[in-house]
file upload_15.txt (compact mmCIF, C-alpha atoms)
# COMPACT_ATOMS: atom_id res chain seq x y z
CA VAL S 1 0.88 63.66 133.79
CA GLU S 2 3.51 64.90 131.38
CA PRO S 3 3.23 64.04 127.68
CA ALA S 4 6.63 65.02 126.21
CA PRO S 5 7.50 65.58 122.54
CA ALA S 6 8.92 62.66 120.61
CA VAL S 7 12.67 62.85 120.07
CA ASP S 8 15.40 60.47 119.01
CA MET S 9 17.69 58.93 121.61
CA ALA S 10 21.31 60.05 121.53
CA ASP S 11 23.91 57.31 121.60
CA GLY S 12 25.07 56.47 125.09
CA HIS S 13 26.51 53.74 127.26
CA LEU S 14 24.40 50.89 128.55
CA CYS S 15 23.27 50.31 132.11
CA GLY S 16 23.01 47.05 133.98
CA VAL S 17 19.95 45.12 132.83
CA HIS S 18 18.53 41.82 134.02
CA SER S 19 16.01 39.73 132.07
CA VAL S 20 15.33 42.20 129.26
CA PRO S 21 12.31 41.31 127.10
CA HIS S 22 12.40 41.94 123.39
CA PRO S 23 11.34 45.51 122.58
CA ARG S 24 7.97 45.74 120.90
CA LEU S 25 6.65 48.30 118.45
CA TYR S 26 6.20 51.47 120.49
CA VAL S 27 2.69 52.59 121.40
CA SER S 28 1.63 55.10 124.04
CA MET S 29 2.57 53.85 127.49
CA LYS S 30 2.04 54.67 131.13
CA ILE S 31 5.22 55.34 133.06
CA ILE S 32 5.36 55.98 136.81
CA ALA S 33 8.48 57.95 137.79
CA ASP S 34 9.94 59.07 141.09
CA GLU S 35 9.51 62.83 141.05
CA ASN S 36 12.95 63.31 142.59
CA ILE S 37 14.93 61.75 139.75
CA PRO S 38 16.75 64.87 138.54
CA TYR S 39 17.02 66.00 134.93
CA LEU S 40 14.23 63.62 133.87
CA ARG S 41 11.25 65.83 133.11
CA GLY S 42 10.59 66.55 129.45
CA ARG S 43 12.87 63.78 128.20
CA ILE S 44 10.34 60.97 127.60
CA GLY S 45 8.55 61.31 124.30
CA GLY S 46 6.15 59.52 122.02
CA GLY S 47 3.05 60.70 123.87
CA ALA S 48 3.77 58.51 126.89
CA ASP S 49 1.79 59.30 130.02
CA VAL S 50 4.48 60.05 132.61
CA ILE S 51 3.15 60.29 136.16
CA TYR S 52 5.54 61.72 138.73
CA VAL S 53 5.04 60.71 142.35
CA ASP S 54 6.95 60.77 145.61
CA GLN S 55 8.88 57.58 146.36
CA SER S 56 6.41 56.81 149.17
CA GLU S 57 3.43 56.93 146.81
CA PHE S 58 4.20 53.89 144.65
CA SER S 59 1.29 51.56 145.36
CA ARG S 60 -0.15 48.38 143.90
CA GLU S 61 -3.18 50.28 142.64
CA LEU S 62 -1.08 53.02 141.03
CA VAL S 63 1.26 50.66 139.14
CA ARG S 64 -1.36 48.07 138.15
CA ASP S 65 -1.70 49.32 134.55
CA ALA S 66 1.77 50.87 134.21
CA ASP S 67 4.32 49.71 131.65
CA ALA S 68 7.43 50.95 133.44
CA LEU S 69 8.55 52.18 136.86
CA LEU S 70 11.45 54.61 137.21
CA ILE S 71 12.59 54.54 140.83
CA ARG S 72 15.37 55.33 143.30
CA THR S 73 16.64 53.59 146.45
CA ARG S 74 13.57 53.57 148.70
CA THR S 75 10.88 52.03 146.48
CA ARG S 76 10.60 48.30 147.20
CA CYS S 77 9.72 46.50 143.96
CA ASP S 78 8.58 42.94 144.67
CA GLU S 79 5.51 40.74 144.52
CA ALA S 80 3.63 42.91 147.00
CA LEU S 81 3.84 45.87 144.62
CA LEU S 82 3.93 44.23 141.20
CA HIS S 83 1.65 41.18 141.40
CA ASP S 84 -1.00 41.27 138.64
CA SER S 85 0.45 44.47 137.19
CA SER S 86 1.31 45.15 133.55
CA VAL S 87 4.78 46.44 134.46
CA ARG S 88 7.50 45.21 132.08
CA LEU S 89 10.42 47.35 133.24
CA VAL S 90 11.73 48.54 136.60
CA ALA S 91 14.63 50.96 136.15
CA THR S 92 16.43 52.52 139.09
CA ALA S 93 18.52 55.68 138.89
CA THR S 94 20.90 54.16 141.45
CA ILE S 95 23.76 51.71 141.37
CA GLY S 96 22.17 49.36 143.92
CA THR S 97 19.31 46.93 143.33
CA ASP S 98 18.76 45.58 146.85
CA GLN S 99 15.35 47.35 146.83
CA ILE S 100 14.27 45.15 143.91
CA ASP S 101 13.38 41.45 144.08
CA ILE S 102 15.24 40.59 140.88
CA PRO S 103 14.49 36.83 140.89
CA TRP S 104 10.76 37.47 141.26
CA CYS S 105 10.83 40.10 138.50
CA GLU S 106 12.78 37.83 136.17
CA SER S 107 10.37 34.96 136.75
CA HIS S 108 7.47 37.24 135.81
CA GLY S 109 8.98 38.74 132.66
CA ILE S 110 9.86 42.10 134.20
CA ALA S 111 13.18 43.60 133.11
CA VAL S 112 15.32 45.26 135.78
CA ALA S 113 17.82 48.00 134.94
CA SER S 114 20.19 49.82 137.25
CA SER S 115 22.79 52.54 136.78
CA PRO S 116 26.14 50.94 137.66
CA GLY S 117 29.07 53.30 137.88
CA CYS S 118 27.00 56.44 137.46
CA ASN S 119 28.29 58.05 140.66
CA ALA S 120 31.61 56.24 141.04
CA PRO S 121 33.83 59.34 140.64
CA ALA S 122 31.73 61.22 143.19
CA VAL S 123 32.11 58.45 145.78
CA ALA S 124 35.86 58.35 145.12
CA GLN S 125 35.94 62.10 145.70
CA TYR S 126 34.08 61.67 149.00
CA VAL S 127 36.25 58.79 150.21
CA TRP S 128 39.55 60.42 149.36
CA SER S 129 38.55 63.78 150.76
CA ALA S 130 37.72 62.07 154.07
CA LEU S 131 40.86 59.89 154.10
CA LEU S 132 43.17 62.82 153.38
CA ARG S 133 41.54 64.91 156.09
CA LEU S 134 42.04 62.10 158.60
CA GLY S 135 45.76 61.98 157.92
CA PHE S 136 46.02 59.10 155.45
CA ASP S 137 49.12 59.79 153.38
CA PRO S 138 49.19 58.05 149.99
CA ALA S 139 52.44 59.78 149.00
CA ALA S 140 54.15 57.98 151.90
CA GLY S 141 53.00 54.64 150.52
CA GLU S 142 50.44 53.99 153.24
CA ARG S 143 48.29 50.93 152.68
CA LEU S 144 44.58 51.17 151.78
CA GLY S 145 42.27 48.15 151.73
CA VAL S 146 39.46 48.32 149.17
CA VAL S 147 36.69 45.82 149.91
CA GLY S 148 34.66 45.40 146.75
CA CYS S 149 36.47 46.54 143.61
CA GLY S 150 33.69 47.12 141.10
CA ASN S 151 32.82 50.40 139.42
CA ILE S 152 33.40 52.48 142.55
CA GLY S 153 36.11 50.51 144.32
CA SER S 154 38.22 50.33 141.18
CA ILE S 155 38.25 54.14 140.86
CA VAL S 156 39.06 54.57 144.56
CA ALA S 157 41.92 52.09 144.11
CA ASP S 158 43.13 53.69 140.88
CA TRP S 159 43.27 57.16 142.43
CA GLY S 160 45.13 55.72 145.42
CA ARG S 161 47.75 54.00 143.29
CA LYS S 162 48.28 57.15 141.24
CA MET S 163 48.85 59.13 144.45
CA GLY S 164 51.37 56.59 145.72
CA ALA S 165 49.32 54.42 148.12
CA GLU S 166 49.73 50.67 148.37
CA ILE S 167 46.37 49.13 147.51
CA TRP S 168 45.12 45.80 148.82
CA VAL S 169 41.87 44.44 147.39
CA SER S 170 39.29 42.01 148.73
CA ASP S 171 36.85 40.87 146.06
CA PRO S 172 36.32 37.08 146.04
CA PRO S 173 34.07 36.96 142.93
CA LYS S 174 36.61 38.87 140.82
CA GLN S 175 39.46 36.85 142.26
CA ARG S 176 37.71 33.56 141.36
CA ALA S 177 37.04 34.92 137.89
CA GLY S 178 40.75 35.45 137.37
CA VAL S 179 40.65 39.26 137.18
CA PRO S 180 44.21 40.34 138.07
CA ASP S 181 44.67 42.54 141.16
CA ASN S 182 46.53 42.66 144.48
CA TYR S 183 44.13 40.40 146.40
CA HIS S 184 44.16 39.77 150.13
CA THR S 185 41.69 38.33 152.59
CA LEU S 186 39.33 40.62 154.45
CA GLU S 187 41.02 39.55 157.69
CA ASP S 188 44.45 40.58 156.42
CA ILE S 189 43.09 43.89 155.16
CA MET S 190 41.44 44.69 158.48
CA ARG S 191 44.64 43.81 160.32
CA GLU S 192 47.34 45.23 158.05
CA CYS S 193 45.90 48.26 156.23
CA ARG S 194 46.05 51.76 157.69
CA ALA S 195 42.60 52.39 156.20
CA VAL S 196 39.83 50.21 154.81
CA THR S 197 36.94 51.35 152.63
CA PHE S 198 33.86 49.29 151.71
CA HIS S 199 32.33 49.36 148.23
CA THR S 200 30.29 46.16 147.97
CA PRO S 201 26.62 45.72 147.10
CA LEU S 202 24.32 44.50 149.87
CA THR S 203 23.61 40.79 149.44
CA ARG S 204 22.09 38.48 152.01
CA LYS S 205 22.63 34.99 150.59
CA GLY S 206 25.34 32.90 148.99
CA PRO S 207 29.06 32.43 149.62
CA ASP S 208 29.79 36.12 149.10
CA ALA S 209 26.93 37.58 151.15
CA THR S 210 27.84 41.06 152.39
CA LEU S 211 25.26 41.53 155.17
CA HIS S 212 27.43 42.32 158.22
CA LEU S 213 30.52 41.46 156.20
CA CYS S 214 32.33 43.75 158.61
CA ASP S 215 31.18 42.15 161.85
CA ALA S 216 32.47 42.13 165.43
CA ARG S 217 35.12 39.55 164.56
CA ALA S 218 36.46 41.61 161.66
CA LEU S 219 36.39 44.80 163.70
CA GLU S 220 38.50 43.21 166.43
CA LEU S 221 41.34 42.96 163.91
CA ILE S 222 41.67 46.70 163.30
CA GLY S 223 44.82 48.23 164.72
CA GLU S 224 45.21 51.52 166.56
CA ASN S 225 44.91 54.78 164.62
CA HIS S 226 43.33 53.01 161.67
CA ILE S 227 40.48 54.38 159.54
CA LEU S 228 37.23 52.68 158.48
CA VAL S 229 35.03 54.08 155.71
CA ASN S 230 31.64 52.75 154.62
CA ALA S 231 30.13 54.38 151.54
CA ALA S 232 28.49 51.19 150.24
CA ARG S 233 25.32 50.07 152.06
CA GLY S 234 24.70 50.50 155.78
CA PRO S 235 24.23 46.83 156.75
CA VAL S 236 27.56 45.85 155.19
CA VAL S 237 29.01 47.02 158.52
CA ASP S 238 27.44 45.81 161.78
CA ASN S 239 26.65 49.21 163.28
CA ALA S 240 26.17 47.96 166.84
CA ALA S 241 29.48 46.08 166.75
CA LEU S 242 31.20 49.13 165.28
CA LEU S 243 29.96 51.32 168.12
CA ARG S 244 31.27 48.85 170.68
CA ARG S 245 34.62 48.76 168.92
CA MET S 246 34.82 52.56 168.90
CA TYR S 247 34.32 52.61 172.67
CA ALA S 248 36.98 49.93 173.08
CA ASP S 249 39.46 51.73 170.81
CA PRO S 250 39.05 55.54 170.84
CA THR S 251 41.83 55.85 168.25
CA LEU S 252 39.66 54.25 165.53
CA ARG S 253 38.65 56.87 162.97
CA VAL S 254 35.29 56.26 161.28
CA VAL S 255 33.57 57.71 158.21
CA LEU S 256 29.99 56.60 157.51
CA ASP S 257 27.82 57.81 154.66
CA VAL S 258 25.43 54.85 154.94
CA TRP S 259 23.70 53.35 157.97
CA GLU S 260 21.66 50.43 159.13
CA ASN S 261 17.93 51.25 159.31
CA GLU S 262 18.16 54.44 157.26
CA PRO S 263 16.86 57.03 157.79
CA ASP S 264 16.56 56.05 161.47
CA LEU S 265 20.28 55.86 162.12
CA ASN S 266 22.01 55.12 165.41
CA ARG S 267 22.51 58.62 166.82
CA GLU S 268 25.12 57.54 169.33
CA LEU S 269 27.18 56.08 166.50
CA LEU S 270 26.71 59.26 164.46
CA GLU S 271 28.09 61.38 167.28
CA LYS S 272 31.23 59.25 167.54
CA THR S 273 32.06 59.30 163.82
CA ASP S 274 34.67 61.66 162.44
CA PHE S 275 32.41 62.21 159.44
CA GLY S 276 28.81 61.01 159.39
CA THR S 277 26.72 61.98 156.37
CA PHE S 278 23.29 61.27 154.94
CA HIS S 279 23.92 58.85 152.05
CA ILE S 280 25.19 61.54 149.70
CA ALA S 281 28.69 60.30 148.84
CA GLY S 282 27.58 59.84 145.24
CA TYR S 283 25.47 62.99 145.01
CA SER S 284 27.32 64.86 142.28
CA ARG S 285 25.70 66.75 139.44
CA GLN S 286 27.50 64.61 136.87
CA GLY S 287 26.59 61.37 138.67
CA LYS S 288 22.90 62.26 138.75
CA GLN S 289 22.96 63.09 135.06
CA ARG S 290 24.63 59.77 134.24
CA ALA S 291 22.00 57.89 136.24
CA THR S 292 19.14 59.63 134.46
CA ARG S 293 20.78 58.98 131.10
CA MET S 294 21.08 55.27 131.92
CA VAL S 295 17.44 55.02 133.03
CA LEU S 296 16.32 56.68 129.81
CA GLU S 297 18.53 54.38 127.74
CA ALA S 298 16.99 51.35 129.47
CA LEU S 299 13.49 52.65 128.77
CA HIS S 300 14.29 53.13 125.09
CA ARG S 301 16.19 49.88 124.70
CA THR S 302 13.67 47.72 126.52
CA LEU S 303 10.30 49.21 125.53
CA GLY S 304 11.18 51.33 122.48
CA VAL S 305 10.10 54.61 124.08
CA PRO S 306 11.66 57.67 122.40
CA VAL S 307 13.85 59.59 124.84
CA ASP S 308 16.09 62.65 124.82
CA THR S 309 19.54 62.30 126.45
CA GLU S 310 21.06 65.45 124.97
CA GLY S 311 23.20 67.38 127.43
CA LEU S 312 23.39 64.61 130.04
CA GLU S 313 26.81 63.60 131.33
CA PRO S 314 28.41 60.67 129.45
CA ALA S 315 30.29 57.78 131.04
CA TYR S 316 33.27 58.64 133.23
CA SER S 317 36.35 58.57 131.03
CA PRO S 318 39.34 60.60 132.25
CA ALA S 319 42.35 61.16 130.03
CA PRO S 320 44.83 58.25 130.27
CA ASP S 321 47.55 60.48 131.69
CA ALA S 322 45.29 62.37 134.14
CA VAL S 323 46.11 62.01 137.83
CA PRO S 324 44.42 62.98 141.10
CA VAL S 325 46.07 65.70 143.17
CA PRO S 326 45.45 65.57 146.94
CA ASP S 327 45.12 69.35 147.32
CA GLY S 328 42.64 69.45 144.46
CA ILE S 329 40.53 66.70 146.03
CA LEU S 330 40.53 68.51 149.38
CA GLN S 331 39.45 71.75 147.75
CA SER S 332 36.72 70.08 145.67
CA TYR S 333 34.67 68.77 148.60
CA ASP S 334 34.69 68.94 152.41
CA PRO S 335 32.57 66.29 154.19
CA THR S 336 32.83 68.30 157.41
CA VAL S 337 30.02 70.56 156.26
CA ASP S 338 27.55 67.76 155.56
CA SER S 339 28.58 65.89 158.71
CA ASP S 340 28.02 68.92 160.93
CA VAL S 341 24.58 69.50 159.44
CA LEU S 342 23.49 65.90 160.11
CA LYS S 343 24.91 65.83 163.64
CA GLN S 344 22.99 68.98 164.44
CA ASN S 345 19.72 67.49 163.20
CA PRO S 346 19.87 63.69 162.69
CA GLY S 347 16.09 63.48 162.38
CA ALA S 348 16.31 65.45 159.14
CA PHE S 349 18.26 62.67 157.35
CA GLU S 350 15.74 62.20 154.55
CA GLN S 351 14.99 65.89 154.12
CA LEU S 352 18.69 66.71 153.91
CA ARG S 353 19.08 64.12 151.14
CA HIS S 354 16.05 65.49 149.33
CA ASP S 355 17.30 69.08 149.45
CA TYR S 356 20.97 68.35 148.74
CA ASP S 357 22.70 70.72 146.36
CA TYR S 358 24.51 68.35 144.00
CA ARG S 359 28.22 69.12 144.08
CA PRO S 360 30.58 69.11 141.08
CA GLU S 361 32.85 66.08 140.81
CA TYR S 362 36.59 66.37 141.15
CA GLU S 363 38.33 66.37 137.78
CA LEU S 364 41.69 64.69 137.49
CA GLN S 365 44.55 66.94 136.38

call {"tool": "encode", "arguments": {"input": "upload_15.txt", "output": "structure tokens"}}
result
Amino acid sequence: VEPAPAVDMADGHLCGVHSVPHPRLYVSMKIIADENIPYLRGRIGGGADVIYVDQSEFSRELVRDADALLIRTRTRCDEALLHDSSVRLVATATIGTDQIDIPWCESHGIAVASSPGCNAPAVAQYVWSALLRLGFDPAAGERLGVVGCGNIGSIVADWGRKMGAEIWVSDPPKQRAGVPDNYHTLEDIMRECRAVTFHTPLTRKGPDATLHLCDARALELIGENHILVNAARGPVVDNAALLRRMYADPTLRVVLDVWENEPDLNRELLEKTDFGTFHIAGYSRQGKQRATRMVLEALHRTLGVPVDTEGLEPAYSPAPDAVPVPDGILQSYDPTVDSDVLKQNPGAFEQLRHDYDYRPEYELQ
């Protein structure tokens, strides 16, 4: 338990919040936090009881009288965990919310906050470092398909355009909403783009469901010497179908940072990837600081808890005239190192994530 001194919250940007209840007058609260959320300790004030636990230790008994849960990707927050609890806020220091049953939480007065965009520059750094190493040449005007053009995809696309690549986008919700971009169907992107990179959330229902969005049919459309990157969520790409396609077309170059059934990934698929890493594309120091800032802001905004965000990275905001330089990206991060480590010991997936030394993001010139 960590009672921290009361401090005022510094101004910051807002994170994604669903079903936020009205803040009430602050009184001492019980907050259960994932002990592996970096830069968090000592930043929650007002005498709150902050209990730090491993992500595997969140239980119905533990959270029953808690006011807020601060989690990461692995803690499933649904009726099984939260029924009959006093929890009023679930905040995740990640961009994804597929581990949270948002409809159930909303129907029971529980606010849900995520950290959209926190690690977007880090994922762009990862994707472009891999693409450049695999011979993709943006300066020659090669075509890149970006599937999902939200916080991350838009930065990947922006860097590509600034380096000279032709960018095709597949994002049906944004297209229907009238957001201008160079839209194409997924089928056309798979067929016509030299490389395709996925940056969608994982959704299982509705007209834009992304579970196995990249399935056997889509994979059949990829041409020779093309590149496929998935740094979104593992099940967005059908891993079994991808493995079959890689056997059928040995020229297909593949980069996977995310996998179906993590951490129990398909080891045969891992061996055949050009780069296979352990869900660390967004693991930059600045990205982790942004995520923690956004969780703290949600805690203050929703429940009135005093927090300290001093020194944490602000929102990504490069200078308008700043541009990415391929050599600088290549020097800033090499996925070969992380890929080799995982291929040597795939059973250590979770431990490697836990012990990862957060890298600095690439800064545009």

call {"tool": "atom_distance", "arguments": {"input": "upload_15.txt", "atom1": "CA of Lys288 in chain S", "atom2": "CA of Arg161 in chain S"}}
result
26.6 Å

call {"tool": "closest_residue", "arguments": {"input": "upload_15.txt", "among": "S:Arg285, S:Arg253, S:Arg353, S:Lys174", "to": "Ala122 in chain S", "atoms": "only C-alpha atoms"}}
result
S:Arg285

call {"tool": "atom_distance", "arguments": {"input": "upload_15.txt", "atom1": "CA of His226 in chain S", "atom2": "CA of Lys272 in chain S"}}
result
14.8 Å

call {"tool": "atom_distance", "arguments": {"input": "upload_15.txt", "atom1": "CA of Val87 in chain S", "atom2": "CA of Gly42 in chain S"}}
result
21.5 Å

call {"tool": "closest_residue", "arguments": {"input": "upload_15.txt", "among": "S:Cys149, S:Leu303, S:Ala315, S:Ala195", "to": "Trp128 in chain S", "atoms": "only C-alpha atoms"}}
result
S:Ala195

call {"tool": "closest_residue", "arguments": {"input": "upload_15.txt", "among": "S:Glu187, S:Glu61, S:Asn345, S:Arg290", "to": "Gly223 in chain S", "atoms": "all atoms listed in the file"}}
result
S:Glu187

call {"tool": "closest_residue", "arguments": {"input": "upload_15.txt", "among": "S:Val127, S:Ala322, S:Leu312, S:Leu202", "to": "Ile280 in chain S", "atoms": "only C-alpha atoms"}}
result
S:Val127

call {"tool": "closest_residue", "arguments": {"input": "upload_15.txt", "among": "S:Leu213, S:Ala157, S:Leu330, S:Ala165", "to": "Ala140 in chain S", "atoms": "all atoms listed in the file"}}
result
S:Ala165
